[in-house]
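Heads up, final_17.cif below (mmCIF, C-alpha atoms and all ligand atoms):
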data_structure
loop_
_atom_site.label_atom_id
_atom_site.label_comp_id
_atom_site.auth_asym_id
_atom_site.auth_seq_id
_atom_site.Cartn_x
_atom_site.Cartn_y
_atom_site.Cartn_z
CA MET F 103 -4.32 -26.64 52.09
CA HIS F 104 -3.58 -29.99 53.66
CA GLN F 105 -1.28 -31.08 50.87
CA ALA F 106 1.37 -29.27 48.89
CA LEU F 107 3.65 -30.31 46.07
CA ASP F 108 7.02 -31.56 47.32
CA SER F 109 9.42 -29.77 44.94
CA ASN F 110 12.01 -32.46 45.60
CA THR F 111 9.91 -35.48 44.60
CA GLY F 112 7.15 -33.82 42.55
CA LYS F 113 4.61 -35.66 44.71
CA PRO F 114 1.91 -34.50 47.16
CA ILE F 115 3.09 -34.09 50.73
CA THR F 116 1.41 -33.26 54.07
CA VAL F 117 2.83 -30.92 56.72
CA ASP F 118 3.75 -33.88 58.92
CA GLY F 119 5.38 -35.70 56.01
CA TYR F 120 7.29 -32.57 55.04
CA ARG F 121 8.68 -32.01 58.53
CA VAL F 122 9.64 -35.67 58.89
CA ALA F 123 11.44 -35.60 55.54
CA TYR F 124 13.09 -32.18 55.75
CA GLY F 125 13.05 -31.15 59.39
CA SER F 126 11.42 -28.26 61.17
CA LEU F 127 12.00 -24.57 60.44
CA LEU F 128 15.05 -24.31 62.69
CA ASN F 129 17.70 -26.95 63.37
CA SER F 130 19.12 -27.85 66.78
CA ALA F 131 21.57 -24.89 66.55
CA ASN F 132 18.57 -22.61 66.07
CA GLN F 133 19.58 -21.94 62.48
CA PRO F 134 17.11 -22.23 59.56
CA ASN F 135 17.04 -25.71 58.06
CA VAL F 136 17.67 -25.75 54.33
CA ARG F 137 14.52 -27.40 53.01
CA PRO F 138 13.23 -27.83 49.45
CA PRO F 139 10.22 -25.53 49.10
CA ALA F 140 6.70 -26.90 49.33
CA LYS F 141 4.81 -25.51 46.36
CA CYS F 142 1.21 -24.91 45.38
CA PRO F 143 0.22 -27.60 42.84
CA VAL F 144 -1.70 -25.11 40.72
CA CYS F 145 0.20 -21.78 40.69
CA GLY F 146 3.63 -23.16 41.60
CA GLU F 147 4.19 -20.51 44.28
CA GLU F 148 6.16 -21.43 47.37
CA LEU F 149 4.01 -22.11 50.41
CA HIS F 150 4.66 -21.82 54.12
CA ILE F 151 3.37 -23.88 57.01
CA LYS F 152 0.77 -21.89 58.90
CA GLY F 153 1.96 -21.15 62.45
CA GLU F 154 5.44 -22.60 61.97
CA SER F 155 7.35 -19.34 62.25
CA GLY F 156 5.15 -17.62 64.81
CA THR F 157 4.50 -18.06 68.46
CA SER F 158 1.06 -19.57 67.87
CA ARG F 159 0.50 -23.27 67.51
CA ILE F 160 1.81 -24.98 64.40
CA THR F 161 -0.95 -26.21 62.08
CA LYS F 162 -1.14 -28.99 59.51
CA ILE F 163 -1.89 -26.46 56.81
CA PHE F 164 0.20 -25.11 53.96
CA SER F 165 -0.62 -21.55 53.04
CA HIS F 166 0.19 -19.10 50.24
CA ASN F 167 2.44 -16.23 51.30
CA PRO F 168 0.54 -13.01 51.80
CA VAL F 169 0.84 -10.69 48.87
CA PHE F 170 0.98 -6.98 49.51
CA GLY F 171 -0.58 -4.70 46.95
CA VAL F 172 -2.65 -5.91 44.06
CA GLU F 173 -2.22 -9.48 43.07
CA GLU F 174 -2.03 -9.54 39.31
CA TYR F 175 -2.57 -13.27 38.91
CA PRO F 176 -4.22 -14.59 42.06
CA CYS F 177 -3.88 -18.31 42.47
CA PRO F 178 -7.09 -19.93 41.19
CA ILE F 179 -7.04 -22.37 44.09
CA LYS F 180 -7.60 -19.46 46.48
CA GLU F 181 -10.68 -18.32 44.62
CA GLY F 182 -14.13 -19.74 45.18
CA GLY F 183 -15.37 -19.40 41.63
CA ARG F 184 -14.73 -21.74 38.78
CA ALA F 185 -11.43 -21.35 36.94
CA LYS F 186 -11.97 -19.08 34.02
CA TYR F 187 -10.33 -21.09 31.32
CA GLU F 188 -10.87 -19.45 28.01
CA VAL F 189 -12.69 -21.76 25.69
CA LEU F 190 -12.76 -19.64 22.59
CA THR F 191 -13.98 -20.85 19.27
CA PRO F 192 -10.86 -22.26 17.65
CA THR F 193 -9.21 -19.82 15.28
CA SER F 194 -8.58 -22.24 12.43
CA TYR F 195 -11.98 -23.87 12.66
CA ASP F 196 -12.52 -26.54 10.05
CA PRO F 197 -16.16 -27.74 10.09
CA ALA F 198 -15.38 -30.98 8.26
CA SER F 199 -12.65 -32.19 10.63
CA ALA F 200 -14.71 -31.04 13.66
CA ALA F 201 -17.69 -33.06 12.42
CA ALA F 202 -15.47 -36.10 11.81
CA LEU F 203 -14.01 -35.94 15.32
CA ARG F 204 -17.46 -35.55 16.84
CA ALA F 205 -18.82 -38.51 14.85
CA SER F 206 -15.88 -40.64 15.90
CA PHE F 207 -16.38 -39.63 19.53
CA PHE F 208 -20.02 -40.70 19.46
CA SER F 209 -19.18 -43.99 17.76
CA HIS F 210 -17.07 -44.78 20.88
CA TRP F 211 -19.17 -42.91 23.38
CA GLN F 212 -19.37 -45.81 25.87
CA LEU F 213 -15.58 -46.00 26.11
CA HIS F 214 -15.41 -42.23 26.61
CA TRP F 215 -18.10 -42.38 29.27
CA HIS F 216 -16.19 -45.03 31.25
CA GLN F 217 -12.95 -43.05 31.01
CA PHE F 218 -14.68 -39.80 32.02
CA ARG F 219 -16.15 -41.62 35.04
CA ASP F 220 -12.79 -43.15 35.97
CA TYR F 221 -11.09 -39.73 35.95
CA ILE F 222 -13.67 -38.25 38.31
CA GLY F 223 -14.09 -41.27 40.55
CA TYR F 224 -17.83 -41.48 40.10
CA ALA F 225 -19.89 -39.36 37.72
CA LYS F 226 -23.47 -38.70 36.72
CA VAL F 227 -24.52 -39.13 33.10
CA GLU F 228 -26.31 -35.78 33.38
CA ASP F 229 -22.90 -34.11 33.80
CA PHE F 230 -21.52 -35.93 30.78
CA ILE F 231 -24.51 -34.82 28.67
CA GLU F 232 -24.23 -31.22 29.89
CA LEU F 233 -20.55 -31.10 28.98
CA LEU F 234 -21.11 -32.63 25.53
CA ASN F 235 -23.70 -29.93 24.84
CA LEU F 236 -21.16 -27.36 26.01
CA ALA F 237 -18.58 -28.88 23.65
CA ASP F 238 -21.08 -28.36 20.81
CA ASP F 239 -21.78 -24.79 21.89
CA ARG F 240 -18.14 -23.80 22.14
CA LYS F 241 -17.10 -25.79 19.06
CA ILE F 242 -14.48 -27.66 21.08
CA TRP F 243 -14.45 -30.42 18.45
CA GLY F 244 -12.72 -28.00 16.10
CA TYR F 245 -9.51 -27.54 18.10
CA HIS F 246 -6.74 -28.21 15.68
CA HIS F 247 -4.58 -30.52 17.77
CA LEU F 248 -7.31 -32.19 19.77
CA LYS F 249 -7.03 -35.97 19.83
CA GLU F 250 -10.09 -38.06 20.49
CA TYR F 251 -8.60 -39.52 23.69
CA GLU F 252 -8.05 -35.99 25.04
CA ILE F 253 -11.74 -35.03 24.92
CA PRO F 254 -12.83 -36.46 28.32
CA LEU F 255 -9.92 -34.66 29.99
CA VAL F 256 -10.88 -31.35 28.37
CA LEU F 257 -14.50 -31.77 29.49
CA LEU F 258 -13.37 -32.22 33.10
CA ILE F 259 -11.91 -28.74 33.47
CA LEU F 260 -15.20 -27.09 32.51
CA LYS F 261 -17.21 -28.12 35.57
CA ASP F 262 -17.06 -28.87 39.31
CA PHE F 263 -18.37 -32.23 40.39
CA ALA F 264 -20.52 -32.35 43.51
CA PRO F 265 -20.47 -35.36 45.86
CA ILE F 266 -22.89 -38.14 44.90
CA LYS F 267 -24.98 -39.76 47.61
CA LYS F 268 -26.28 -43.29 47.42
CA LYS F 269 -30.04 -43.31 47.03
CA THR F 270 -30.68 -46.31 49.22
CA THR F 271 -28.78 -45.37 52.34
CA LYS F 272 -28.73 -42.22 54.41
CA ASN F 273 -25.14 -41.16 54.84
CA GLU F 274 -23.26 -43.17 52.30
CA TYR F 275 -21.72 -41.77 49.18
CA TRP F 276 -20.62 -43.06 45.80
CA ARG F 277 -18.16 -40.16 45.90
CA LYS F 278 -17.85 -38.20 49.13
CA HIS F 279 -15.82 -35.15 48.09
CA TRP F 280 -16.25 -32.35 45.65
CA VAL F 281 -13.83 -32.70 42.76
CA ARG F 282 -12.37 -29.91 40.64
CA PHE F 283 -9.83 -30.24 37.84
CA TRP F 284 -7.11 -27.76 36.85
CA PHE F 285 -4.53 -27.56 34.15
CA PRO F 286 -0.90 -26.95 35.24
CA SER F 287 -0.28 -23.34 36.22
CA SER F 288 1.16 -22.16 32.92
CA VAL F 289 -2.08 -22.94 31.10
CA LYS F 290 -4.50 -20.06 30.76
CA ASN F 291 -6.58 -21.40 27.88
CA LEU F 292 -7.02 -24.53 25.77
CA ASP F 293 -4.47 -23.39 23.19
CA ASP F 294 -1.82 -23.16 25.93
CA TYR F 295 -2.63 -26.72 26.89
CA TRP F 296 -1.96 -28.05 23.39
CA ASN F 297 1.24 -26.08 23.22
CA LEU F 298 2.64 -28.00 26.20
CA GLN F 299 5.11 -30.78 25.68
CA PRO F 300 3.12 -34.05 25.53
CA SER F 301 4.79 -35.19 28.77
CA SER F 302 3.43 -32.10 30.57
CA ARG F 303 -0.15 -32.74 29.53
CA PHE F 304 -1.75 -33.67 32.81
CA VAL F 305 -4.49 -32.19 34.93
CA ILE F 306 -4.57 -31.62 38.66
CA LYS F 307 -7.47 -33.23 40.46
CA ALA F 308 -8.39 -31.44 43.69
CA TYR F 309 -10.68 -32.84 46.41
CA TYR F 310 -12.76 -30.62 48.69
CA THR F 311 -14.68 -31.46 51.85
CA THR F 312 -17.31 -28.78 51.16
CA SER F 313 -20.92 -29.77 51.94
CA PRO F 314 -22.75 -31.57 49.10
CA SER F 315 -25.54 -28.98 49.26
CA ALA F 316 -23.16 -26.04 48.51
CA LYS F 317 -23.15 -24.50 45.06
CA LEU F 318 -19.39 -24.67 44.60
CA PRO F 319 -16.42 -26.22 46.42
CA ASN F 320 -14.90 -23.78 48.92
CA PRO F 321 -11.12 -23.20 48.65
CA LYS F 322 -10.92 -23.36 52.45
CA HIS F 323 -11.98 -26.99 52.24
CA PHE F 324 -9.24 -28.03 49.83
CA LEU F 325 -8.23 -31.48 51.07
CA LYS F 326 -5.75 -33.10 48.72
CA PHE F 327 -4.78 -33.38 45.09
CA GLU F 328 -3.33 -35.78 42.58
CA ASN F 329 -2.04 -35.43 39.05
CA ILE F 330 -4.14 -37.19 36.46
CA ILE F 331 -2.11 -38.58 33.62
CA LEU F 332 -3.78 -38.69 30.26
CA ASN F 333 -4.88 -42.23 29.38
CA LYS F 334 -4.11 -42.67 25.69
CA SER F 335 -5.00 -46.32 25.33
CA TYR F 336 -8.59 -46.69 26.50
CA LEU F 337 -9.98 -46.50 22.97
CA THR F 338 -7.98 -49.52 21.88
CA SER F 339 -8.26 -51.56 25.08
CA ASP F 340 -9.98 -54.95 24.77
CA SER F 341 -11.56 -55.00 28.21
CA GLU F 342 -15.36 -55.19 28.00
CA ARG F 343 -17.16 -52.96 30.47
CA LYS F 344 -20.80 -53.24 31.35
CA MET F 345 -23.02 -50.34 30.40
CA ASP F 346 -25.61 -49.09 32.82
CA THR F 347 -29.06 -49.14 31.17
CA VAL F 348 -29.97 -45.78 32.74
CA VAL F 349 -26.87 -44.21 31.17
CA GLU F 350 -27.78 -45.73 27.78
CA LYS F 351 -31.35 -44.44 28.02
CA MET F 352 -30.38 -40.91 28.98
CA MET F 353 -27.72 -40.65 26.30
CA THR F 354 -30.21 -41.95 23.68
CA LYS F 355 -32.70 -39.32 24.80
CA ALA F 356 -30.11 -36.51 24.68
CA PHE F 357 -28.40 -37.51 21.41
CA PRO F 358 -30.90 -39.75 19.54
CA ILE F 359 -29.36 -39.45 16.07
CA GLU F 360 -25.75 -39.92 17.20
CA ILE F 361 -26.53 -42.91 19.42
CA ALA F 362 -28.66 -44.63 16.73
CA GLN F 363 -25.83 -44.18 14.25
CA ALA F 364 -23.27 -45.59 16.71
CA ALA F 365 -25.52 -48.61 17.35
CA ALA F 366 -25.94 -49.21 13.59
CA GLU F 367 -22.16 -49.13 13.10
CA THR F 368 -21.64 -51.65 15.92
CA THR F 369 -24.21 -53.98 14.29
CA LEU F 370 -22.41 -53.70 10.95
CA GLU F 371 -19.04 -54.45 12.53
CA SER F 372 -20.20 -57.57 14.36
ZN ZN F 401 -1.43 -21.40 44.38
#

Taking this structure as input, can you express it in the form of structure tokens?
Ligand SMILES: [Zn+2]
Amino acid sequence: MHQALDSNTGKPITVDGYRVAYGSLLNSANQPNVRPPAKCPVCGEELHIKGESGTSRITKIFSHNPVFGVEEYPCPIKEGGRAKYEVLTPTSYDPASAAALRASFFSHWQLHWHQFRDYIGYAKVEDFIELLNLADDRKIWGYHHLKEYEIPLVLLILKDFAPIKKKTTKNEYWRKHWVRFWFPSSVKNLDDYWNLQPSSRFVIKAYYTTSPSAKLPNPKHFLKFENIILNKSYLTSDSERKMDTVVEKMMTKAFPIEIAQAAAETTLES
């Protein structure tokens, strides 16, 4: 990967940046430099710089250390498939509170849509609709500790987002890279996520240079990452944002009852 987590600063760092900040493998006396480890942003394992210790040419790539024997918990970033987060039906499922949260979500759906889009960079309404249907299927609304402002973030970890080309021009993109979201490494399912300290509730956003026509992002094309901090205030923000009529139309088609109800409430309020 082209970026690792600098364990000293907690920020992303490149191979060049790392060597400028902490020196090369050996110092001028040919002794190992004491450097803070570069870590994998997802599994937290220490990484090495490919080619740095060998006789071959040094690369600009951080790599996981080879593991001999069976790897019990392989790093999800090394795997091509989607992360297998367990999204089990919540154990203490309360239909009434789930329905209330869902109704509240749809009454603010435009705000959620804008936040969802901001997290990804650029998103298609088809993805938003697909994930809301998945939330219905898996009864995600019934998670005990789920706050309304956490829903877009939870939806993000359930899907990979392919690059989006502009329709009018040949090789221009609204969003050029594949995007995949991960929870921090200690999280294996949604319950783990809600058991984290509130300050640790972030997701890792990874960018991949994989071709737009591929089915999934390829771990070999991992480009860079950033930590996405949960935005808690977008539901109460005053800033007016313009809705795209195509988005409105498709949402109305997918969720006619919910959208009509939300529109009626807005009319009553104004
Ligand atoms: Zn890893």

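CA of Ala364 in chain F is found 24.0 Å from CA of His247 in chain F.
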
Separation of CA of Pro314 in chain F and CA of Ala225 in chain F, in Å?
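So the answer is 14.1 Å.
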
I need the residue nearest ligand ZN 401 (chain F) from this list: F:Ile331, F:Ala131, F:Ile179, F:Val136. Use only C-alpha atoms and all ligand atoms for the distance.
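With only C-alpha atoms and all ligand atoms as the atom set, the closest residue is F:Ile179.
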
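Relative to CA of Arg240 in chain F, CA of Phe327 in chain F is found at 28.2 Å.
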
Of the listed residues F:Asn333, F:Thr369, F:Thr157, F:Gln363, that which approaches His214 in chain F most closely, counting only C-alpha atoms:
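Once distances to His214 in chain F are computed over only C-alpha atoms, the minimum belongs to F:Asn333.
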
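Using only C-alpha atoms for every distance, the candidate list F:Asn167, F:Thr111, F:Ser313, F:Thr368 yields F:Thr368 as the residue closest to His210 in chain F.
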
With a distance cut-off of 8 Å and all atoms listed in the file, select the neighbouring residues of range 146-148 of chain F, excluding the residue or stretch itself and same-chain residues fewer than 4 positions from it, and output the selection as a PDB file with C-alpha atoms, in the frame of the given file.
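Dumped to around37.pdb:
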ATOM      1  CA  PRO F 139      10.220 -25.530  49.100  1.00  0.00           C
ATOM      2  CA  ALA F 140       6.700 -26.900  49.330  1.00  0.00           C
ATOM      3  CA  LYS F 141       4.810 -25.510  46.360  1.00  0.00           C
ATOM      4  CA  CYS F 142       1.210 -24.910  45.380  1.00  0.00           C
ATOM      5  CA  HIS F 166       0.190 -19.100  50.240  1.00  0.00           C
ATOM      6  CA  ASN F 167       2.440 -16.230  51.300  1.00  0.00           C
ATOM      7  CA  SER F 287      -0.280 -23.340  36.220  1.00  0.00           C
TER       8      SER F 287
END

Using only C-alpha atoms, which residues sit within 7 Å of range 278-281 of chain F once same-chain residues fewer than 6 positions away are excluded, as an MDAnalysis selection string?
chainID F and resid 262:266 307:312 319

Would you pick out the contacts of Ala362 in chain F at 12 Å or less, using all atoms listed in the file, so that residues sharing its chain but fewer than 5 positions from it are not included, and give the list as a ChimeraX atom specification?
/F:205,208-209,211,350-351,353-357,367-369
